[in-house]
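Shown below: final-v2.pdb, with PDB, C-alpha atoms, pLDDT in the B column.
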```
ATOM      1  CA  MET V   1     -58.249  75.711  19.400  1.00 96.00           C
ATOM      2  CA  ILE V   2     -57.874  72.476  17.435  1.00 98.00           C
ATOM      3  CA  LYS V   3     -54.871  71.427  15.342  1.00 98.00           C
ATOM      4  CA  ILE V   4     -55.669  69.516  12.134  1.00 98.00           C
ATOM      5  CA  GLY V   5     -53.562  67.250   9.948  1.00 98.00           C
ATOM      6  CA  LEU V   6     -55.022  67.104   6.429  1.00 98.00           C
ATOM      7  CA  ILE V   7     -54.135  64.291   4.041  1.00 98.00           C
ATOM      8  CA  SER V   8     -55.498  62.849   0.815  1.00 98.00           C
ATOM      9  CA  ASP V   9     -54.799  60.324  -1.894  1.00 97.00           C
ATOM     10  CA  THR V  10     -52.689  57.896   0.118  1.00 97.00           C
ATOM     11  CA  HIS V  11     -53.590  55.086  -2.321  1.00 96.00           C
ATOM     12  CA  SER V  12     -52.757  52.307   0.203  1.00 96.00           C
ATOM     13  CA  PHE V  13     -49.472  53.882   1.363  1.00 95.00           C
ATOM     14  CA  LEU V  14     -48.951  55.696   4.656  1.00 96.00           C
ATOM     15  CA  ASP V  15     -45.494  57.191   5.030  1.00 95.00           C
ATOM     16  CA  LYS V  16     -44.301  56.973   8.652  1.00 95.00           C
ATOM     17  CA  LYS V  17     -43.327  60.660   8.392  1.00 96.00           C
ATOM     18  CA  VAL V  18     -47.059  61.481   8.325  1.00 97.00           C
ATOM     19  CA  LEU V  19     -47.347  60.288  11.928  1.00 97.00           C
ATOM     20  CA  GLU V  20     -44.386  62.460  12.915  1.00 97.00           C
ATOM     21  CA  TYR V  21     -45.827  65.558  11.241  1.00 98.00           C
ATOM     22  CA  PHE V  22     -49.290  64.890  12.688  1.00 98.00           C
ATOM     23  CA  ASP V  23     -48.091  64.013  16.204  1.00 98.00           C
ATOM     24  CA  SER V  24     -49.054  67.462  17.527  1.00 98.00           C
ATOM     25  CA  CYS V  25     -52.465  67.370  15.797  1.00 98.00           C
ATOM     26  CA  ASP V  26     -55.738  66.807  17.614  1.00 98.00           C
ATOM     27  CA  GLU V  27     -57.462  65.278  14.579  1.00 98.00           C
ATOM     28  CA  ILE V  28     -56.595  63.910  11.144  1.00 98.00           C
ATOM     29  CA  TRP V  29     -58.869  64.579   8.189  1.00 98.00           C
ATOM     30  CA  HIS V  30     -58.504  62.359   5.101  1.00 98.00           C
ATOM     31  CA  ALA V  31     -60.011  63.659   1.849  1.00 98.00           C
ATOM     32  CA  GLY V  32     -60.372  60.299   0.102  1.00 97.00           C
ATOM     33  CA  ASP V  33     -58.618  57.711  -2.030  1.00 97.00           C
ATOM     34  CA  ILE V  34     -57.465  56.007   1.144  1.00 98.00           C
ATOM     35  CA  GLY V  35     -56.732  52.795  -0.738  1.00 96.00           C
ATOM     36  CA  ASN V  36     -57.010  50.080   1.892  1.00 96.00           C
ATOM     37  CA  HIS V  37     -58.313  49.533   5.389  1.00 95.00           C
ATOM     38  CA  GLU V  38     -54.804  49.258   6.876  1.00 97.00           C
ATOM     39  CA  VAL V  39     -54.131  52.957   6.169  1.00 97.00           C
ATOM     40  CA  LEU V  40     -57.416  53.927   7.796  1.00 97.00           C
ATOM     41  CA  ASP V  41     -56.771  51.568  10.744  1.00 97.00           C
ATOM     42  CA  GLU V  42     -53.353  53.109  11.376  1.00 97.00           C
ATOM     43  CA  LEU V  43     -54.638  56.686  11.211  1.00 98.00           C
ATOM     44  CA  GLU V  44     -57.612  55.935  13.474  1.00 97.00           C
ATOM     45  CA  ALA V  45     -55.364  54.172  16.013  1.00 98.00           C
ATOM     46  CA  PHE V  46     -53.052  57.188  16.028  1.00 98.00           C
ATOM     47  CA  LYS V  47     -55.514  60.112  16.280  1.00 98.00           C
ATOM     48  CA  PRO V  48     -59.241  60.772  15.942  1.00 98.00           C
ATOM     49  CA  THR V  49     -59.806  60.639  12.186  1.00 98.00           C
ATOM     50  CA  ARG V  50     -62.556  62.030   9.960  1.00 98.00           C
ATOM     51  CA  SER V  51     -62.531  60.639   6.440  1.00 98.00           C
ATOM     52  CA  VAL V  52     -64.414  60.466   3.166  1.00 98.00           C
ATOM     53  CA  PHE V  53     -64.076  57.824   0.496  1.00 98.00           C
ATOM     54  CA  GLY V  54     -62.676  58.521  -2.945  1.00 98.00           C
ATOM     55  CA  ASN V  55     -63.188  57.066  -6.378  1.00 97.00           C
ATOM     56  CA  ILE V  56     -60.607  54.265  -5.886  1.00 96.00           C
ATOM     57  CA  ASP V  57     -61.923  53.178  -2.481  1.00 97.00           C
ATOM     58  CA  ASP V  58     -63.675  49.809  -2.391  1.00 96.00           C
ATOM     59  CA  LYS V  59     -66.785  48.756  -0.479  1.00 96.00           C
ATOM     60  CA  THR V  60     -64.735  48.053   2.669  1.00 94.00           C
ATOM     61  CA  ILE V  61     -63.537  51.657   2.863  1.00 96.00           C
ATOM     62  CA  GLN V  62     -66.934  52.993   1.753  1.00 97.00           C
ATOM     63  CA  SER V  63     -68.637  51.111   4.598  1.00 97.00           C
ATOM     64  CA  ARG V  64     -66.356  52.869   7.113  1.00 96.00           C
ATOM     65  CA  THR V  65     -66.496  56.368   5.657  1.00 97.00           C
ATOM     66  CA  ILE V  66     -68.922  58.673   3.857  1.00 97.00           C
ATOM     67  CA  GLU V  67     -68.959  60.484   0.499  1.00 97.00           C
ATOM     68  CA  ASP V  68     -69.575  63.980   1.894  1.00 98.00           C
ATOM     69  CA  LEU V  69     -68.734  65.026   5.426  1.00 98.00           C
ATOM     70  CA  VAL V  70     -70.203  68.239   6.869  1.00 98.00           C
ATOM     71  CA  PHE V  71     -69.543  69.332  10.445  1.00 98.00           C
ATOM     72  CA  GLU V  72     -68.655  72.332  12.575  1.00 97.00           C
ATOM     73  CA  VAL V  73     -65.558  72.718  14.721  1.00 97.00           C
ATOM     74  CA  GLU V  74     -64.357  75.794  16.634  1.00 96.00           C
ATOM     75  CA  GLY V  75     -66.913  77.992  14.872  1.00 96.00           C
ATOM     76  CA  VAL V  76     -65.928  76.860  11.346  1.00 98.00           C
ATOM     77  CA  LYS V  77     -68.354  74.902   9.165  1.00 98.00           C
ATOM     78  CA  VAL V  78     -66.406  72.305   7.187  1.00 98.00           C
ATOM     79  CA  PHE V  79     -67.393  70.378   4.056  1.00 98.00           C
ATOM     80  CA  ILE V  80     -65.095  67.537   2.915  1.00 98.00           C
ATOM     81  CA  THR V  81     -65.533  65.456  -0.234  1.00 98.00           C
ATOM     82  CA  HIS V  82     -63.078  63.741  -2.550  1.00 98.00           C
ATOM     83  CA  ILE V  83     -63.856  65.081  -6.025  1.00 98.00           C
ATOM     84  CA  GLY V  84     -64.478  68.794  -5.690  1.00 97.00           C
ATOM     85  CA  GLY V  85     -62.762  70.603  -8.530  1.00 97.00           C
ATOM     86  CA  LYS V  86     -61.513  74.062  -7.593  1.00 96.00           C
ATOM     87  CA  PRO V  87     -62.834  77.605  -7.484  1.00 96.00           C
ATOM     88  CA  PRO V  88     -64.488  78.801  -9.620  1.00 93.00           C
ATOM     89  CA  ARG V  89     -64.806  75.551 -11.621  1.00 93.00           C
ATOM     90  CA  TYR V  90     -66.117  73.053  -9.130  1.00 97.00           C
ATOM     91  CA  ALA V  91     -66.893  69.441 -10.039  1.00 97.00           C
ATOM     92  CA  LYS V  92     -70.403  68.535 -11.119  1.00 96.00           C
ATOM     93  CA  GLY V  93     -72.870  68.933  -8.256  1.00 97.00           C
ATOM     94  CA  ILE V  94     -70.459  70.656  -5.874  1.00 97.00           C
ATOM     95  CA  THR V  95     -71.797  74.187  -6.406  1.00 97.00           C
ATOM     96  CA  THR V  96     -75.252  72.989  -5.369  1.00 97.00           C
ATOM     97  CA  LYS V  97     -73.827  71.325  -2.255  1.00 98.00           C
ATOM     98  CA  LEU V  98     -71.849  74.465  -1.375  1.00 98.00           C
ATOM     99  CA  LYS V  99     -75.039  76.527  -1.628  1.00 97.00           C
ATOM    100  CA  GLN V 100     -76.867  73.978   0.525  1.00 97.00           C
ATOM    101  CA  HIS V 101     -74.263  73.603   3.293  1.00 97.00           C
ATOM    102  CA  LYS V 102     -72.653  77.083   3.188  1.00 98.00           C
ATOM    103  CA  PRO V 103     -69.273  75.985   4.587  1.00 98.00           C
ATOM    104  CA  ASN V 104     -66.500  78.326   5.656  1.00 97.00           C
ATOM    105  CA  LEU V 105     -63.933  75.676   4.711  1.00 98.00           C
ATOM    106  CA  PHE V 106     -64.207  73.394   1.662  1.00 98.00           C
ATOM    107  CA  ILE V 107     -61.760  70.482   1.441  1.00 98.00           C
ATOM    108  CA  CYS V 108     -61.250  67.984  -1.342  1.00 98.00           C
ATOM    109  CA  GLY V 109     -58.557  65.781  -2.842  1.00 97.00           C
ATOM    110  CA  HIS V 110     -58.464  63.873  -6.142  1.00 97.00           C
ATOM    111  CA  SER V 111     -56.355  66.295  -8.226  1.00 96.00           C
ATOM    112  CA  HIS V 112     -53.053  65.365  -6.489  1.00 95.00           C
ATOM    113  CA  ILE V 113     -52.271  69.101  -6.584  1.00 95.00           C
ATOM    114  CA  LEU V 114     -51.759  70.961  -3.313  1.00 97.00           C
ATOM    115  CA  ARG V 115     -53.831  74.110  -3.499  1.00 97.00           C
ATOM    116  CA  VAL V 116     -54.974  76.721  -0.960  1.00 98.00           C
ATOM    117  CA  MET V 117     -57.174  79.556  -2.144  1.00 97.00           C
ATOM    118  CA  PRO V 118     -60.089  81.747  -1.174  1.00 97.00           C
ATOM    119  CA  ASP V 119     -63.448  81.577  -2.911  1.00 97.00           C
ATOM    120  CA  LYS V 120     -64.614  85.129  -2.308  1.00 95.00           C
ATOM    121  CA  GLU V 121     -67.902  84.566  -4.128  1.00 95.00           C
ATOM    122  CA  ARG V 122     -68.881  81.843  -1.639  1.00 96.00           C
ATOM    123  CA  ASN V 123     -66.993  83.322   1.334  1.00 96.00           C
ATOM    124  CA  LEU V 124     -64.988  80.152   1.964  1.00 97.00           C
ATOM    125  CA  VAL V 125     -61.445  78.854   2.025  1.00 98.00           C
ATOM    126  CA  TYR V 126     -60.600  76.025  -0.368  1.00 98.00           C
ATOM    127  CA  LEU V 127     -57.982  73.438   0.657  1.00 98.00           C
ATOM    128  CA  ASN V 128     -56.587  70.481  -1.248  1.00 98.00           C
ATOM    129  CA  PRO V 129     -53.630  68.805   0.489  1.00 98.00           C
ATOM    130  CA  GLY V 130     -52.328  67.211  -2.719  1.00 97.00           C
ATOM    131  CA  ALA V 131     -51.372  63.532  -2.612  1.00 96.00           C
ATOM    132  CA  ALA V 132     -49.485  61.668   0.121  1.00 96.00           C
ATOM    133  CA  GLY V 133     -49.229  58.339  -1.701  1.00 92.00           C
ATOM    134  CA  HIS V 134     -47.053  57.026  -4.501  1.00 90.00           C
ATOM    135  CA  HIS V 135     -49.688  56.510  -7.225  1.00 84.00           C
ATOM    136  CA  GLY V 136     -50.461  59.373  -9.582  1.00 83.00           C
ATOM    137  CA  PHE V 137     -48.734  62.006 -11.662  1.00 82.00           C
ATOM    138  CA  HIS V 138     -47.609  64.284  -8.799  1.00 85.00           C
ATOM    139  CA  HIS V 139     -43.874  64.666  -8.254  1.00 89.00           C
ATOM    140  CA  VAL V 140     -43.835  65.484  -4.532  1.00 94.00           C
ATOM    141  CA  ARG V 141     -46.028  63.951  -1.818  1.00 96.00           C
ATOM    142  CA  THR V 142     -47.716  66.619   0.327  1.00 97.00           C
ATOM    143  CA  LEU V 143     -49.863  67.309   3.398  1.00 98.00           C
ATOM    144  CA  LEU V 144     -51.399  70.331   5.086  1.00 98.00           C
ATOM    145  CA  ARG V 145     -51.428  71.160   8.775  1.00 98.00           C
ATOM    146  CA  PHE V 146     -53.345  74.035  10.384  1.00 98.00           C
ATOM    147  CA  ASP V 147     -55.181  75.291  13.436  1.00 98.00           C
ATOM    148  CA  ILE V 148     -58.803  76.299  13.743  1.00 98.00           C
ATOM    149  CA  ASN V 149     -59.190  78.843  16.489  1.00 97.00           C
ATOM    150  CA  ASN V 150     -62.395  80.677  17.331  1.00 95.00           C
ATOM    151  CA  GLY V 151     -63.731  80.698  13.773  1.00 95.00           C
ATOM    152  CA  LYS V 152     -60.379  81.305  12.060  1.00 96.00           C
ATOM    153  CA  ILE V 153     -57.933  79.133  10.155  1.00 97.00           C
ATOM    154  CA  GLU V 154     -54.440  79.864  11.432  1.00 97.00           C
ATOM    155  CA  ASN V 155     -50.859  78.624  11.136  1.00 98.00           C
ATOM    156  CA  LEU V 156     -51.434  76.868   7.806  1.00 98.00           C
ATOM    157  CA  GLU V 157     -48.406  74.819   6.751  1.00 98.00           C
ATOM    158  CA  ALA V 158     -47.733  72.941   3.523  1.00 98.00           C
ATOM    159  CA  ILE V 159     -45.542  69.909   4.198  1.00 97.00           C
ATOM    160  CA  GLU V 160     -43.493  68.002   1.635  1.00 95.00           C
ATOM    161  CA  LEU V 161     -42.952  64.301   2.370  1.00 93.00           C
ATOM    162  CA  GLY V 162     -40.522  63.673  -0.483  1.00 84.00           C
ATOM    163  CA  LYS V 163     -40.648  62.556  -4.065  1.00 87.00           C
ATOM    164  CA  ARG V 164     -43.284  60.185  -5.369  1.00 83.00           C
ATOM    165  CA  GLY V 165     -42.038  56.672  -6.000  1.00 77.00           C
ATOM    166  CA  ARG V 166     -41.508  53.474  -4.161  1.00 55.00           C
ATOM    167  CA  ALA V 167     -40.325  53.722  -0.538  1.00 54.00           C
TER
END
```

For the file at hand, write its structure as structure tokens.
Amino acid sequence: MIKIGLISDTHSFLDKKVLEYFDSCDEIWHAGDIGNHEVLDELEAFKPTRSVFGNIDDKTIQSRTIEDLVFEVEGVKVFITHIGGKPPRYAKGITTKLKQHKPNLFICGHSHILRVMPDKERNLVYLNPGAAGHHGFHHVRTLLRFDINNGKIENLEAIELGKRGRA
């Protein structure tokens, strides 16, 4: 079993509460729009971190991350990208990538809207942790935390960090 902390859209701000909520996690996955290298440095120093870059991330972040991340963990094939849309209306090019990679778990950010839903047509679970930073239209900053155990996603939790705005 592996415990995952899922975050996105930090936009150069990492709330210290994230580290508290992710303390029991084995890995952190960041779904893009990291914002600056300090956020990535802090996450990587805290826990093993897998991350993709988003549309606001500069060349420094892009050189340390990747646009699309595909891997398998605990019997679950995972595909993470930043701009993914949502079932059944995925962003341009995503449907082709989903057909190519055939993930069990598809993760994206970008929308700043926390969303968890099945895509029965593609036999996958869609996760978007919302936004953990202060920039954007969202009202509440959010995260997801879950376990992957022998091919199953378990103990999924939506976590609210507080209202968007300056800390």

If you take every atom of stretch 38-41 of chain V that the file lists and fit an axis-aligned box around them with 4 Å extra on each side, what centre and edge lengths come out in Å to one decimal, as JSON?
```
{"center_x": -55.8, "center_y": 51.6, "center_z": 8.5, "size_x": 11.3, "size_y": 12.7, "size_z": 12.6}
```

Polymer residues at most 9 Å from V:Leu98, only C-alpha atoms, same-chain spacing of 6 or more positions, as number ranges by chain:
V: 79, 106, 122

Saved selection, atoms kept: C-alpha atoms, as a PDB file, in the frame of the given file:
```
ATOM      1  CA  PHE V  79     -67.393  70.378   4.056  1.00 98.00           C
ATOM      2  CA  PHE V 106     -64.207  73.394   1.662  1.00 98.00           C
ATOM      3  CA  ARG V 122     -68.881  81.843  -1.639  1.00 96.00           C
TER       4      ARG V 122
END
```

I'd like to see the residues matched by the PyMOL selection byres ((chain V and resi 8) around 10) on this file, and ideally I'd get them as a ChimeraX atom specification.
/V:6-7,9-11,29-34,51-54,82,107-112,114,128-133,141-144

Residue nearest V:Ser63 - candidates V:Lys77, V:Thr49, V:Asp147, V:His37, atoms counted: all atoms listed in the file
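Closest residue, counting all atoms listed in the file: V:His37.
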
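Note that the spacing between atom CA of V:Phe146 and atom CA of V:Leu19 amounts to 15.1 Å.
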
Report the residues retrieved by the PyMOL selection byres ((chain V and resi 5) around 6) from the displayed file, expressed as a ChimeraX atom specification.
/V:4,6,22,25,28,145

Write out as a ChimeraX atom specification each polymer residue whose atoms come within 8 Å of V:Asp58, counting all atoms listed in the file; drop sequence neighbours fewer than 2 positions from it.
/V:35-36,56,60-62

Close residues, V:Asp26 itself excluded, 7 Å, all atoms listed in the file, min 4 positions apart in chain, as a list in words:
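The neighbour list is Ile2, Lys3, Ile4 and Lys47 of chain V.
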
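Each of V:Ser24, V:Asn104, V:Thr65, V:Asn55 was checked against V:Leu40 using only C-alpha atoms; the smallest atom-to-atom distance is that of V:Thr65.
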
May I have the residues within 12 Å of V:Pro88 as a list in words, using all atoms listed in the file and disregarding those fewer than 4 positions away in the same chain?
Gly84, Lys92, Ile94, Thr95, Leu98, Met117, Pro118, Asp119, Lys120, Glu121, Arg122, Leu124 and Tyr126 of chain V

How would stretch 1-27 of chain V look with N, CA, C and O atoms restored, written as a short mmCIF file (atom, residue, chain, number, x, y, z; two decimals), keeping the file's coordinate frame?
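Output file rebuild_23.cif follows:
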```
data_model
loop_
_atom_site.label_atom_id
_atom_site.label_comp_id
_atom_site.auth_asym_id
_atom_site.auth_seq_id
_atom_site.Cartn_x
_atom_site.Cartn_y
_atom_site.Cartn_z
N MET V 1 -59.04 75.90 20.60
CA MET V 1 -58.25 75.71 19.40
C MET V 1 -58.07 74.22 19.13
O MET V 1 -57.91 73.43 20.05
N ILE V 2 -58.10 73.86 17.84
CA ILE V 2 -57.87 72.48 17.43
C ILE V 2 -56.85 72.48 16.30
O ILE V 2 -56.90 73.33 15.41
N LYS V 3 -55.91 71.56 16.37
CA LYS V 3 -54.87 71.43 15.34
C LYS V 3 -55.23 70.24 14.44
O LYS V 3 -55.49 69.15 14.93
N ILE V 4 -55.23 70.49 13.12
CA ILE V 4 -55.67 69.52 12.13
C ILE V 4 -54.52 69.10 11.23
O ILE V 4 -53.77 69.94 10.73
N GLY V 5 -54.43 67.79 10.98
CA GLY V 5 -53.56 67.25 9.95
C GLY V 5 -54.44 66.83 8.79
O GLY V 5 -55.36 66.03 8.97
N LEU V 6 -54.19 67.37 7.60
CA LEU V 6 -55.02 67.10 6.43
C LEU V 6 -54.22 66.32 5.39
O LEU V 6 -53.13 66.74 4.99
N ILE V 7 -54.80 65.21 4.96
CA ILE V 7 -54.14 64.29 4.04
C ILE V 7 -55.14 63.81 3.01
O ILE V 7 -56.35 63.79 3.26
N SER V 8 -54.64 63.41 1.85
CA SER V 8 -55.50 62.85 0.82
C SER V 8 -54.68 61.94 -0.09
O SER V 8 -53.45 62.00 -0.09
N ASP V 9 -55.38 61.13 -0.83
CA ASP V 9 -54.80 60.32 -1.89
C ASP V 9 -53.57 59.53 -1.43
O ASP V 9 -52.52 59.58 -2.06
N THR V 10 -53.75 58.77 -0.37
CA THR V 10 -52.69 57.90 0.12
C THR V 10 -52.56 56.65 -0.76
O THR V 10 -51.48 56.06 -0.82
N HIS V 11 -53.62 56.23 -1.39
CA HIS V 11 -53.59 55.09 -2.32
C HIS V 11 -52.87 53.88 -1.71
O HIS V 11 -51.95 53.33 -2.32
N SER V 12 -53.26 53.50 -0.50
CA SER V 12 -52.76 52.31 0.20
C SER V 12 -51.34 52.45 0.75
O SER V 12 -50.72 51.47 1.15
N PHE V 13 -50.81 53.67 0.82
CA PHE V 13 -49.47 53.88 1.36
C PHE V 13 -49.50 55.00 2.39
O PHE V 13 -49.92 56.12 2.09
N LEU V 14 -49.05 54.68 3.61
CA LEU V 14 -48.95 55.70 4.66
C LEU V 14 -47.50 55.82 5.09
O LEU V 14 -46.96 54.95 5.76
N ASP V 15 -46.87 56.89 4.67
CA ASP V 15 -45.49 57.19 5.03
C ASP V 15 -45.42 57.41 6.54
O ASP V 15 -46.24 58.13 7.10
N LYS V 16 -44.46 56.82 7.20
CA LYS V 16 -44.30 56.97 8.65
C LYS V 16 -44.05 58.43 9.05
O LYS V 16 -44.33 58.83 10.18
N LYS V 17 -43.55 59.24 8.11
CA LYS V 17 -43.33 60.66 8.39
C LYS V 17 -44.65 61.39 8.65
O LYS V 17 -44.67 62.39 9.35
N VAL V 18 -45.75 60.86 8.09
CA VAL V 18 -47.06 61.48 8.32
C VAL V 18 -47.36 61.49 9.82
O VAL V 18 -47.81 62.49 10.37
N LEU V 19 -47.08 60.38 10.49
CA LEU V 19 -47.35 60.29 11.93
C LEU V 19 -46.48 61.27 12.71
O LEU V 19 -46.92 61.85 13.70
N GLU V 20 -45.26 61.48 12.26
CA GLU V 20 -44.39 62.46 12.92
C GLU V 20 -44.94 63.87 12.73
O GLU V 20 -45.03 64.64 13.69
N TYR V 21 -45.30 64.22 11.51
CA TYR V 21 -45.83 65.56 11.24
C TYR V 21 -47.17 65.80 11.93
O TYR V 21 -47.48 66.93 12.30
N PHE V 22 -47.97 64.75 12.08
CA PHE V 22 -49.29 64.89 12.69
C PHE V 22 -49.30 64.57 14.18
O PHE V 22 -50.36 64.57 14.80
N ASP V 23 -48.15 64.35 14.78
CA ASP V 23 -48.09 64.01 16.20
C ASP V 23 -48.70 65.10 17.08
O ASP V 23 -49.35 64.80 18.08
N SER V 24 -48.52 66.36 16.72
CA SER V 24 -49.05 67.46 17.53
C SER V 24 -50.51 67.79 17.19
O SER V 24 -51.11 68.66 17.81
N CYS V 25 -51.09 67.09 16.23
CA CYS V 25 -52.46 67.37 15.80
C CYS V 25 -53.48 66.72 16.73
O CYS V 25 -53.22 65.67 17.31
N ASP V 26 -54.63 67.37 16.83
CA ASP V 26 -55.74 66.81 17.61
C ASP V 26 -56.57 65.84 16.79
O ASP V 26 -57.13 64.88 17.32
N GLU V 27 -56.69 66.12 15.48
CA GLU V 27 -57.46 65.28 14.58
C GLU V 27 -56.75 65.18 13.24
O GLU V 27 -56.01 66.09 12.85
#
```
